[in-house]
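As structure tokens, the structure follows; a few thoughts come after it.
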Amino acid sequence: MNLEKMYQEIILDHYKHPQFKNLAPMVSGAVEVHHINPTCGDEVTLRAQVVDGVIESVTWDGLGCSISQASTSVMAGLTQGATVKSALDLTAQFLLLMQGKGVSTDADEILEDGIAFAGVAQYPARVKCALLGWMALKDAITREPGEINE
Amino acid sequence: MSASTLNAEILKKDFPLLGRTVRGGKKLVYLDSGATSQKPTMVLDAERNFYEYHNAAAHRGAHQLAEEATEAFEGAREVVAHFIGAHTREVIFTKSATESLNLVAYSLSAAESPIQWRPGDEVLVTEMEHHANLIPWQEMAKRTGARLRFIPVTDDGQLDLTQIDTLINEKTRILSFTHASNVLGTVNPVRRLADLAHAVGAIVVLDACQSVPHESVDVTALGIDLMAFSGHKMLGPTGVGVLWGRFEILESMPPFLTGGSMIEVVTLESATYSLPPKRFEAGVPNMAQAVGLAAAIGYLQEVGMHAIAHHEEDLVTSAIAQLETMPGVKVLGPAGPRGGALSFLVDDIHPHDVGQVLDDDGIAVRVGHHCAWPLMRRFGVAATTRATFYLYNTHEDVSSLVSGIRRAQQFFGTTS
């Protein structure tokens with residue numbers, strides 16, 4: 001395992017040019033969550049709007065390392081316009097990837113840029129970084145609209 | 001070994017772990033002793049020897065082993081007491097410095113506390129405290145209704161004492177602060193603060209986790225009332241911490257944990273308690289760990305605390321000088337005199353990523369908020385990278401750190 005393998009070019013690209021890192025105005029029916037990684041202080045604020053089981057928009061803002069920022073960026077890109085169900089499946093796949101438990105054969109297709117994080121699983125201390133945005137998404141899309149958590 | 005120098009290359013050989021490699025054969029460069037120190041063979045041997053030859057429950061039983069275990073445990077107490085210039089009966093073994101501080105905060109706010117809490121009373125801590133010397137006081141404030149106040153920190157990481165005459169006032173019942181910052185390396189003016197607090201009748205508590213392992217500490221000279229430190233940061237085992245207190249204060253304090261060992265007479269309805277230190281050591285004590293800590297102190301004394309302090313100052317001064325010449329690297333904390341904790345920021349690279357690149361080179365540093373989240377906020381950062389030095393670190397380790405940071409900058413493309 002070396003650094004280049006962990007910090008794939010895709011990850012560094014997303015870190016330098018994060019997608020959807022710009023909180024959309026809070027509209028009626030949207031959900032905002034704020035998640036923190038208490039071991040390092042990294043944080044993400046995420047807003048999601050779900051209409052009829054479809055994620056109309058996911059936007060976020062946050063402070064953190066390259067892994068947490070890039071992972072949240074990839075997540076936001078993959079889940080715009082997705083159904084809640086498929087976003088939850090995706091989250092489950094990403095979690096498996098991070099747990100190093102192996103993923104389904106078509107994981108490359110499903111996770112797209114997300115597969116670049118496979119190397120992170122080798123570093124248990126960084127797995128939480130990679131999961132920060134995903135866990136925020138899972139929280140947001142399984143809540144009732146209008147709920148704001150702190 | 002002379003009184004003022006030490007040879008870290010030679011000392012390193014006493015620490016088996018420091019000889020191992022990490023991350024695919026890289027030589028280990030351990031710069032995280034502020035979190036926990038490595039252990040010399042003689043400390044491991046002392047613990048093993050206790051278990052192999054003397055293990056029994058101290059202070060109980062009429063057999064020879066019980067006598068030997070008691071002697072070993074009480075002997076360790078004497079060693080600790082001598083090390084910090086205290087009386088033996090003033091040294092309490094806890095499981096950690098965290099427990100020591102919680103013990104104090106709990107006992108001083110219990111029903112039988114020697115402090116008669118009144119509305120408007122204040123507890124004073126600082127903005128640079130480790131969570132272990134902050135949260136116990138937050139909880140105490142909830143129990144007593146006291147107002148928790150804070151000595152602020154200046155931009156260069158010192159305590160801001162401009163308002164100290166207001167902050168320490170006739171309502172102040174307790175002042176608790178760190179001797180040396182685990183993040184910034186700041187060494188605080190203990191005697192001056194202690195004298196100000198005593199002038200208004202407050203009890204003075206010192207978190208000495210980052211000082212006792214690194215310099216000669218004499219509790220009488222510091223003029224404090226209570227002091228906490230941990231064994232594992234000073235070459236000793238985990239699972240043993242110390243609370244020192246002036247006997248008169250300890251004698252006035254009710255117990256924290258209760259149970260076996262700490263009693264005089266017990267009936268179904270009530271109990272009376274032993275004198276300190278036993279009053280605060282409920283249950284079969286951490287004997288092997290105390291013995292290990294005593295061995296660690298023996299090792300430190302043989303090297304010499306002045307030599308250790310001098311060596312670390314040498315390393316941290318050199319590290320700061322080199323880091324300050326690097327573009328995009330900012331050192332936090334005072335220029336000096338200071339302790340061996342060195343926090344820094346690298347422009348446009350998150351500390352976790354700095355730490356990851358260093359780790360790839362076999363260099364172990366701490367990244368994150370260092371259990372001092374409010375201090376991070378004070379400096380407007382989420383985290384820092386922190387290198388901490390100890391007696392077994394060398395100038396070569398400092399050079400490795402500098403090269404590692406340069407590599408991180410190259411890897412993330414923040415410098416040419």
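Letters A, B, ... mark the chains of the structure tokens in the order given; residue numbers begin at 1 per chain; ligand numbers begin at 1, in order shown.
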Kindly provide, as a list in words, the residues of chain A having any atom no farther than 9 Å from an atom of chain B, counting only C-alpha atoms.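 Result, ordered by chain then number: Met1, Asn2, Leu3, Glu4, Leu12, Thr39, Cys40, Gly41, Asp42, Glu43, Leu63, Gly64, Cys65, Ser66, Ile67 and Arg126 of chain A.
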Convert the current residue selection to file output with N, CA and C atoms, as a PDB file, in the first residue's frame.
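Dumped to out_28.pdb:
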```
ATOM      1  N   MET A   1       0.853  -1.203   0.000  1.00  0.00           N
ATOM      2  CA  MET A   1       0.000   0.000   0.000  1.00  0.00           C
ATOM      3  C   MET A   1       0.878   1.239   0.000  1.00  0.00           C
ATOM      4  N   ASN A   2       0.593   2.134  -0.904  1.00  0.00           N
ATOM      5  CA  ASN A   2       1.335   3.384  -0.856  1.00  0.00           C
ATOM      6  C   ASN A   2       0.360   4.553  -0.984  1.00  0.00           C
ATOM      7  N   LEU A   3       0.915   5.721  -0.833  1.00  0.00           N
ATOM      8  CA  LEU A   3       0.077   6.924  -0.817  1.00  0.00           C
ATOM      9  C   LEU A   3      -0.706   7.107  -2.094  1.00  0.00           C
ATOM     10  N   GLU A   4      -0.010   6.858  -3.222  1.00  0.00           N
ATOM     11  CA  GLU A   4      -0.684   7.087  -4.510  1.00  0.00           C
ATOM     12  C   GLU A   4      -1.910   6.184  -4.650  1.00  0.00           C
ATOM     13  N   LEU A  12      -8.162  13.322  -5.318  1.00  0.00           N
ATOM     14  CA  LEU A  12      -7.523  14.636  -5.261  1.00  0.00           C
ATOM     15  C   LEU A  12      -8.290  15.644  -6.122  1.00  0.00           C
ATOM     16  N   THR A  39     -13.687  12.408  16.525  1.00  0.00           N
ATOM     17  CA  THR A  39     -12.273  12.123  16.764  1.00  0.00           C
ATOM     18  C   THR A  39     -11.363  13.163  16.121  1.00  0.00           C
ATOM     19  N   CYS A  40     -11.863  13.864  15.119  1.00  0.00           N
ATOM     20  CA  CYS A  40     -10.972  14.828  14.461  1.00  0.00           C
ATOM     21  C   CYS A  40     -11.597  16.201  14.302  1.00  0.00           C
ATOM     22  N   GLY A  41     -12.894  16.338  14.546  1.00  0.00           N
ATOM     23  CA  GLY A  41     -13.513  17.652  14.446  1.00  0.00           C
ATOM     24  C   GLY A  41     -14.008  17.995  13.049  1.00  0.00           C
ATOM     25  N   ASP A  42     -13.832  17.080  12.090  1.00  0.00           N
ATOM     26  CA  ASP A  42     -14.343  17.353  10.748  1.00  0.00           C
ATOM     27  C   ASP A  42     -15.862  17.423  10.783  1.00  0.00           C
ATOM     28  N   GLU A  43     -16.426  18.301   9.951  1.00  0.00           N
ATOM     29  CA  GLU A  43     -17.872  18.431   9.970  1.00  0.00           C
ATOM     30  C   GLU A  43     -18.459  18.654   8.589  1.00  0.00           C
ATOM     31  N   LEU A  63     -15.988  21.135   6.529  1.00  0.00           N
ATOM     32  CA  LEU A  63     -14.575  21.354   6.828  1.00  0.00           C
ATOM     33  C   LEU A  63     -13.978  19.985   7.052  1.00  0.00           C
ATOM     34  N   GLY A  64     -12.866  19.716   6.402  1.00  0.00           N
ATOM     35  CA  GLY A  64     -12.274  18.421   6.686  1.00  0.00           C
ATOM     36  C   GLY A  64     -11.141  18.068   5.754  1.00  0.00           C
ATOM     37  N   CYS A  65     -10.679  16.844   5.906  1.00  0.00           N
ATOM     38  CA  CYS A  65      -9.526  16.366   5.151  1.00  0.00           C
ATOM     39  C   CYS A  65      -9.923  16.030   3.724  1.00  0.00           C
ATOM     40  N   SER A  66      -8.935  15.719   2.910  1.00  0.00           N
ATOM     41  CA  SER A  66      -9.191  15.412   1.507  1.00  0.00           C
ATOM     42  C   SER A  66     -10.154  14.240   1.362  1.00  0.00           C
ATOM     43  N   ILE A  67     -10.000  13.237   2.218  1.00  0.00           N
ATOM     44  CA  ILE A  67     -10.844  12.050   2.083  1.00  0.00           C
ATOM     45  C   ILE A  67     -12.311  12.385   2.377  1.00  0.00           C
ATOM     46  N   ARG A 126      -9.039   6.238   8.788  1.00  0.00           N
ATOM     47  CA  ARG A 126      -9.575   7.160   7.786  1.00  0.00           C
ATOM     48  C   ARG A 126     -10.958   6.761   7.284  1.00  0.00           C
TER      49      ARG A 126
END
```
Name the residues of chain A that come out as strand (DSSP E) in a backbone DSSP run; write them as a ChimeraX atom specification. /A:30-37,42-51,54-63
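Every protein, DNA or RNA residue with an atom at most 8 Å from Thr91 in chain A, where only C-alpha atoms count and chain neighbours fewer than 5 positions away do not, is listed here: Trp134, Met135 and Lys138 of chain A.
Picture a line from CA of Thr166 in chain B to CA of Gly336 in chain B; it runs 27.0 Å.
For the pair CA of Val212 in chain B and CA of Leu345 in chain B, the separation is 27.0 Å.
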What's the 8 Å shell around range 189-199 of chain B, counting only C-alpha atoms, without same-chain residues fewer than 3 positions away, as number ranges by chain? B: 168-169, 172, 174-175, 179, 202-204, 221-224
Keeping only all heavy atoms, write the selected residues to a file as a short mmCIF file (atom, residue, chain, number, x, y, z; two decimals), in the first residue's frame.
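Once written, part_8.cif looks like this:
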```cif
data_model
loop_
_atom_site.label_atom_id
_atom_site.label_comp_id
_atom_site.auth_asym_id
_atom_site.auth_seq_id
_atom_site.Cartn_x
_atom_site.Cartn_y
_atom_site.Cartn_z
N ILE B 168 -9.81 36.12 38.86
CA ILE B 168 -9.61 35.52 40.18
C ILE B 168 -10.14 36.53 41.19
O ILE B 168 -9.57 37.60 41.38
CB ILE B 168 -8.13 35.21 40.44
CG1 ILE B 168 -7.62 34.16 39.43
CG2 ILE B 168 -7.93 34.69 41.87
CD1 ILE B 168 -6.14 33.81 39.59
N ASN B 169 -11.26 36.20 41.81
CA ASN B 169 -11.89 37.14 42.73
C ASN B 169 -12.41 36.40 43.95
O ASN B 169 -12.24 35.18 44.06
CB ASN B 169 -13.02 37.90 42.01
CG ASN B 169 -14.08 36.94 41.49
OD1 ASN B 169 -14.66 36.18 42.25
ND2 ASN B 169 -14.31 36.93 40.17
N THR B 172 -14.14 33.07 43.53
CA THR B 172 -13.43 31.93 42.94
C THR B 172 -13.18 30.87 44.02
O THR B 172 -12.50 31.14 45.01
CB THR B 172 -12.08 32.37 42.34
OG1 THR B 172 -12.31 33.51 41.51
CG2 THR B 172 -11.45 31.25 41.54
N ILE B 174 -12.31 27.45 43.01
CA ILE B 174 -11.32 26.53 42.48
C ILE B 174 -10.68 27.15 41.24
O ILE B 174 -11.37 27.74 40.40
CB ILE B 174 -11.99 25.18 42.07
CG1 ILE B 174 -12.54 24.45 43.30
CG2 ILE B 174 -10.99 24.27 41.32
CD1 ILE B 174 -13.45 23.29 42.98
N LEU B 175 -9.37 27.02 41.14
CA LEU B 175 -8.65 27.34 39.91
C LEU B 175 -7.99 26.06 39.45
O LEU B 175 -7.22 25.45 40.21
CB LEU B 175 -7.59 28.42 40.16
CG LEU B 175 -6.53 28.60 39.04
CD1 LEU B 175 -7.18 29.10 37.76
CD2 LEU B 175 -5.43 29.55 39.49
N HIS B 179 -0.29 22.70 33.52
CA HIS B 179 1.09 23.18 33.71
C HIS B 179 1.72 23.48 32.35
O HIS B 179 2.27 24.54 32.13
CB HIS B 179 1.89 22.11 34.46
CG HIS B 179 3.21 22.59 34.97
ND1 HIS B 179 4.05 21.81 35.72
CD2 HIS B 179 3.87 23.75 34.81
CE1 HIS B 179 5.15 22.50 36.03
NE2 HIS B 179 5.06 23.67 35.48
N ALA B 202 -9.03 30.27 47.17
CA ALA B 202 -9.44 29.20 46.24
C ALA B 202 -8.50 28.00 46.35
O ALA B 202 -7.36 28.14 46.80
CB ALA B 202 -9.43 29.73 44.81
N ILE B 203 -8.99 26.84 45.94
CA ILE B 203 -8.18 25.62 45.86
C ILE B 203 -7.57 25.57 44.47
O ILE B 203 -8.25 25.82 43.47
CB ILE B 203 -9.05 24.38 46.13
CG1 ILE B 203 -9.49 24.37 47.60
CG2 ILE B 203 -8.31 23.10 45.78
CD1 ILE B 203 -10.46 23.25 47.95
N VAL B 204 -6.28 25.23 44.41
CA VAL B 204 -5.56 25.24 43.12
C VAL B 204 -5.24 23.81 42.67
O VAL B 204 -4.58 23.06 43.39
CB VAL B 204 -4.26 26.06 43.22
CG1 VAL B 204 -3.52 26.04 41.90
CG2 VAL B 204 -4.57 27.48 43.66
N ALA B 221 7.33 23.68 45.68
CA ALA B 221 7.78 24.89 45.00
C ALA B 221 6.67 25.49 44.14
O ALA B 221 6.58 26.71 43.99
CB ALA B 221 9.00 24.58 44.14
N LEU B 222 5.82 24.64 43.57
CA LEU B 222 4.75 25.14 42.70
C LEU B 222 3.66 25.86 43.50
O LEU B 222 2.91 26.65 42.95
CB LEU B 222 4.13 23.99 41.89
CG LEU B 222 5.01 23.39 40.80
CD1 LEU B 222 4.31 22.18 40.18
CD2 LEU B 222 5.35 24.41 39.72
N GLY B 223 3.55 25.53 44.77
CA GLY B 223 2.58 26.21 45.62
C GLY B 223 1.14 25.87 45.32
O GLY B 223 0.23 26.69 45.50
N ILE B 224 0.89 24.64 44.86
CA ILE B 224 -0.47 24.23 44.49
C ILE B 224 -1.07 23.33 45.56
O ILE B 224 -0.39 22.97 46.53
CB ILE B 224 -0.44 23.48 43.13
CG1 ILE B 224 0.61 22.35 43.21
CG2 ILE B 224 -0.09 24.46 42.01
CD1 ILE B 224 0.67 21.47 41.99
#
```
Might you pull out every residue within 8 Å of range 76-93 of chain B, with only C-alpha atoms counted and same-chain residues fewer than 3 positions away left off, and present them as a VMD selection string? chain B and resid 72 to 73 216 to 220 240 to 247 250 276 to 278 280 to 281 285 to 286 290 to 291 293 to 294 297
Could you take the residues named above and write them with N, CA, C and O atoms, as a short mmCIF file (atom, residue, chain, number, x, y, z; two decimals), in the first residue's frame?
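Wrote it out as selection_12.cif, contents follow:
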```
data_model
loop_
_atom_site.label_atom_id
_atom_site.label_comp_id
_atom_site.auth_asym_id
_atom_site.auth_seq_id
_atom_site.Cartn_x
_atom_site.Cartn_y
_atom_site.Cartn_z
N ALA B 72 5.37 -3.98 47.58
CA ALA B 72 5.69 -3.50 46.22
C ALA B 72 4.84 -2.27 45.89
O ALA B 72 5.33 -1.27 45.36
N PHE B 73 3.55 -2.37 46.20
CA PHE B 73 2.64 -1.26 45.89
C PHE B 73 2.98 -0.03 46.72
O PHE B 73 3.08 1.09 46.19
N SER B 216 11.77 18.37 36.00
CA SER B 216 11.73 18.15 37.44
C SER B 216 10.58 18.98 38.03
O SER B 216 10.52 20.19 37.83
N VAL B 217 9.65 18.32 38.70
CA VAL B 217 8.49 19.01 39.27
C VAL B 217 8.49 18.82 40.79
O VAL B 217 8.59 17.69 41.26
N ASP B 218 8.41 19.93 41.50
CA ASP B 218 8.37 19.87 42.96
C ASP B 218 7.08 20.53 43.41
O ASP B 218 6.88 21.73 43.23
N VAL B 219 6.19 19.73 44.01
CA VAL B 219 4.85 20.24 44.32
C VAL B 219 4.89 21.39 45.34
O VAL B 219 4.06 22.29 45.28
N THR B 220 5.85 21.35 46.22
CA THR B 220 5.93 22.42 47.21
C THR B 220 6.32 23.74 46.55
O THR B 220 5.72 24.79 46.80
N VAL B 240 -2.49 3.42 35.11
CA VAL B 240 -2.11 4.01 36.39
C VAL B 240 -1.90 5.52 36.22
O VAL B 240 -1.23 5.99 35.31
N GLY B 241 -2.59 6.25 37.08
CA GLY B 241 -2.42 7.70 37.14
C GLY B 241 -2.18 8.08 38.58
O GLY B 241 -2.26 7.24 39.48
N VAL B 242 -1.86 9.34 38.79
CA VAL B 242 -1.57 9.79 40.15
C VAL B 242 -2.39 11.03 40.45
O VAL B 242 -2.60 11.89 39.59
N LEU B 243 -2.89 11.08 41.66
CA LEU B 243 -3.39 12.34 42.20
C LEU B 243 -2.55 12.65 43.42
O LEU B 243 -2.45 11.84 44.35
N TRP B 244 -1.90 13.80 43.38
CA TRP B 244 -1.21 14.27 44.58
C TRP B 244 -2.07 15.38 45.18
O TRP B 244 -2.68 16.18 44.45
N GLY B 245 -2.10 15.44 46.51
CA GLY B 245 -2.79 16.55 47.16
C GLY B 245 -2.15 16.86 48.50
O GLY B 245 -1.59 15.95 49.15
N ARG B 246 -2.19 18.11 48.90
CA ARG B 246 -1.74 18.45 50.25
C ARG B 246 -2.59 17.66 51.23
O ARG B 246 -3.81 17.59 51.08
N PHE B 247 -1.96 17.10 52.25
CA PHE B 247 -2.68 16.15 53.09
C PHE B 247 -3.93 16.77 53.74
O PHE B 247 -4.98 16.15 53.81
N LEU B 250 -6.67 16.73 51.19
CA LEU B 250 -7.16 15.36 50.94
C LEU B 250 -7.98 14.87 52.12
O LEU B 250 -9.02 14.21 51.96
N PRO B 276 -6.60 9.41 53.84
CA PRO B 276 -5.90 9.36 52.56
C PRO B 276 -4.53 8.68 52.77
O PRO B 276 -3.99 8.80 53.87
N PRO B 277 -3.96 8.03 51.81
CA PRO B 277 -4.47 7.92 50.43
C PRO B 277 -5.53 6.83 50.24
O PRO B 277 -6.24 6.84 49.25
N LYS B 278 -5.65 5.90 51.23
CA LYS B 278 -6.52 4.73 50.99
C LYS B 278 -7.98 5.12 50.76
O LYS B 278 -8.70 4.43 50.05
N PHE B 280 -9.15 7.07 48.89
CA PHE B 280 -9.43 7.30 47.46
C PHE B 280 -8.98 6.14 46.56
O PHE B 280 -8.87 6.29 45.35
N GLU B 281 -8.73 4.99 47.18
CA GLU B 281 -8.28 3.84 46.39
C GLU B 281 -9.17 2.63 46.65
O GLU B 281 -8.74 1.62 47.22
N PRO B 285 -6.02 -2.59 44.23
CA PRO B 285 -5.38 -1.54 43.42
C PRO B 285 -4.62 -2.08 42.20
O PRO B 285 -4.40 -3.28 42.08
N ASN B 286 -4.24 -1.15 41.34
CA ASN B 286 -3.46 -1.47 40.13
C ASN B 286 -1.99 -1.63 40.51
O ASN B 286 -1.16 -0.80 40.19
N ALA B 290 1.41 0.22 39.17
CA ALA B 290 2.13 1.14 40.07
C ALA B 290 3.61 0.75 40.14
O ALA B 290 4.49 1.61 40.12
N VAL B 291 3.86 -0.54 40.20
CA VAL B 291 5.24 -1.03 40.22
C VAL B 291 5.96 -0.65 38.92
O VAL B 291 7.12 -0.22 38.93
N LEU B 293 5.22 1.88 37.04
CA LEU B 293 5.44 3.33 37.07
C LEU B 293 6.68 3.68 37.91
O LEU B 293 7.48 4.53 37.53
N ALA B 294 6.82 2.98 39.03
CA ALA B 294 7.99 3.24 39.87
C ALA B 294 9.28 2.90 39.11
O ALA B 294 10.27 3.62 39.19
N ILE B 297 9.98 5.70 36.73
CA ILE B 297 10.56 6.85 37.43
C ILE B 297 12.04 6.59 37.70
O ILE B 297 12.88 7.48 37.53
#
```
Between CA of Thr317 in chain B and CA of Leu184 in chain B, what is the spacing in Å?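 Taking CA of Leu184 in chain B and CA of Thr317 in chain B, their separation equals 13.4 Å.
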Please return as number ranges by chain: the residues of range 256-293 of chain B that backbone DSSP assigns to alpha helix (DSSP H). B: 287-293
Just the residues within 12 Å of Val123 in chain B, please, counting only C-alpha atoms, with nothing from its chain fewer than 6 positions along; format it as an NGL selection string. :B and (105 or 108-109 or 115 or 117 or 133-134 or 136-142 or 144-151 or 167-177 or 197 or 202-205)
For range 18-31 of chain A, please output as a list in words all residues within 8 Å (counting only C-alpha atoms; exclusion window: fewer than 2 positions along the same chain). Asp13, His14, Tyr15, Lys16, Val33, Leu46, Arg47, Ala48, Gln49, Val50, Val58, Thr59, Trp60, Asp61, Gly62, Gln69, Ala70, Ser73, Val74, Ala76, Gly77, Ala140, Ile141, Arg143, Glu144, Pro145, Gly146, Glu147 and Ile148 of chain A
Please dump the current selection as a compact mmCIF listing (two decimals), in the first residue's frame; keep C-alpha atoms.
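Output file part.txt is given in full below:
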```txt
# COMPACT_ATOMS: atom_id res chain seq x y z
CA ASP A 13 -9.63 16.08 -8.10
CA HIS A 14 -12.80 16.02 -6.04
CA TYR A 15 -10.91 17.51 -3.10
CA LYS A 16 -9.65 20.42 -5.16
CA VAL A 33 -28.38 17.66 8.94
CA LEU A 46 -25.97 18.66 4.25
CA ARG A 47 -29.30 19.72 2.78
CA ALA A 48 -31.46 17.28 0.88
CA GLN A 49 -34.80 17.73 -0.76
CA VAL A 50 -36.79 14.60 -1.37
CA VAL A 58 -28.21 17.30 -2.30
CA THR A 59 -25.93 20.18 -1.38
CA TRP A 60 -23.39 20.48 1.37
CA ASP A 61 -20.73 22.48 3.07
CA GLY A 62 -17.99 21.23 5.34
CA GLN A 69 -14.35 16.29 1.38
CA ALA A 70 -13.79 14.21 -1.75
CA SER A 73 -18.38 15.42 -3.22
CA VAL A 74 -18.58 12.02 -4.95
CA ALA A 76 -23.44 14.32 -3.83
CA GLY A 77 -22.68 13.75 -7.50
CA ALA A 140 -31.12 13.29 5.84
CA ILE A 141 -33.08 11.11 3.43
CA ARG A 143 -35.95 11.80 8.10
CA GLU A 144 -39.29 13.47 7.83
CA PRO A 145 -39.14 16.64 5.71
CA GLY A 146 -38.74 19.83 7.67
CA GLU A 147 -36.83 18.17 10.50
CA ILE A 148 -33.63 19.99 11.38
```
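With only C-alpha atoms as the atoms that count, the residue of B:Met326, B:Val43, B:Val153, B:Val29 with the shortest distance to Asp14 in chain B is B:Val43.
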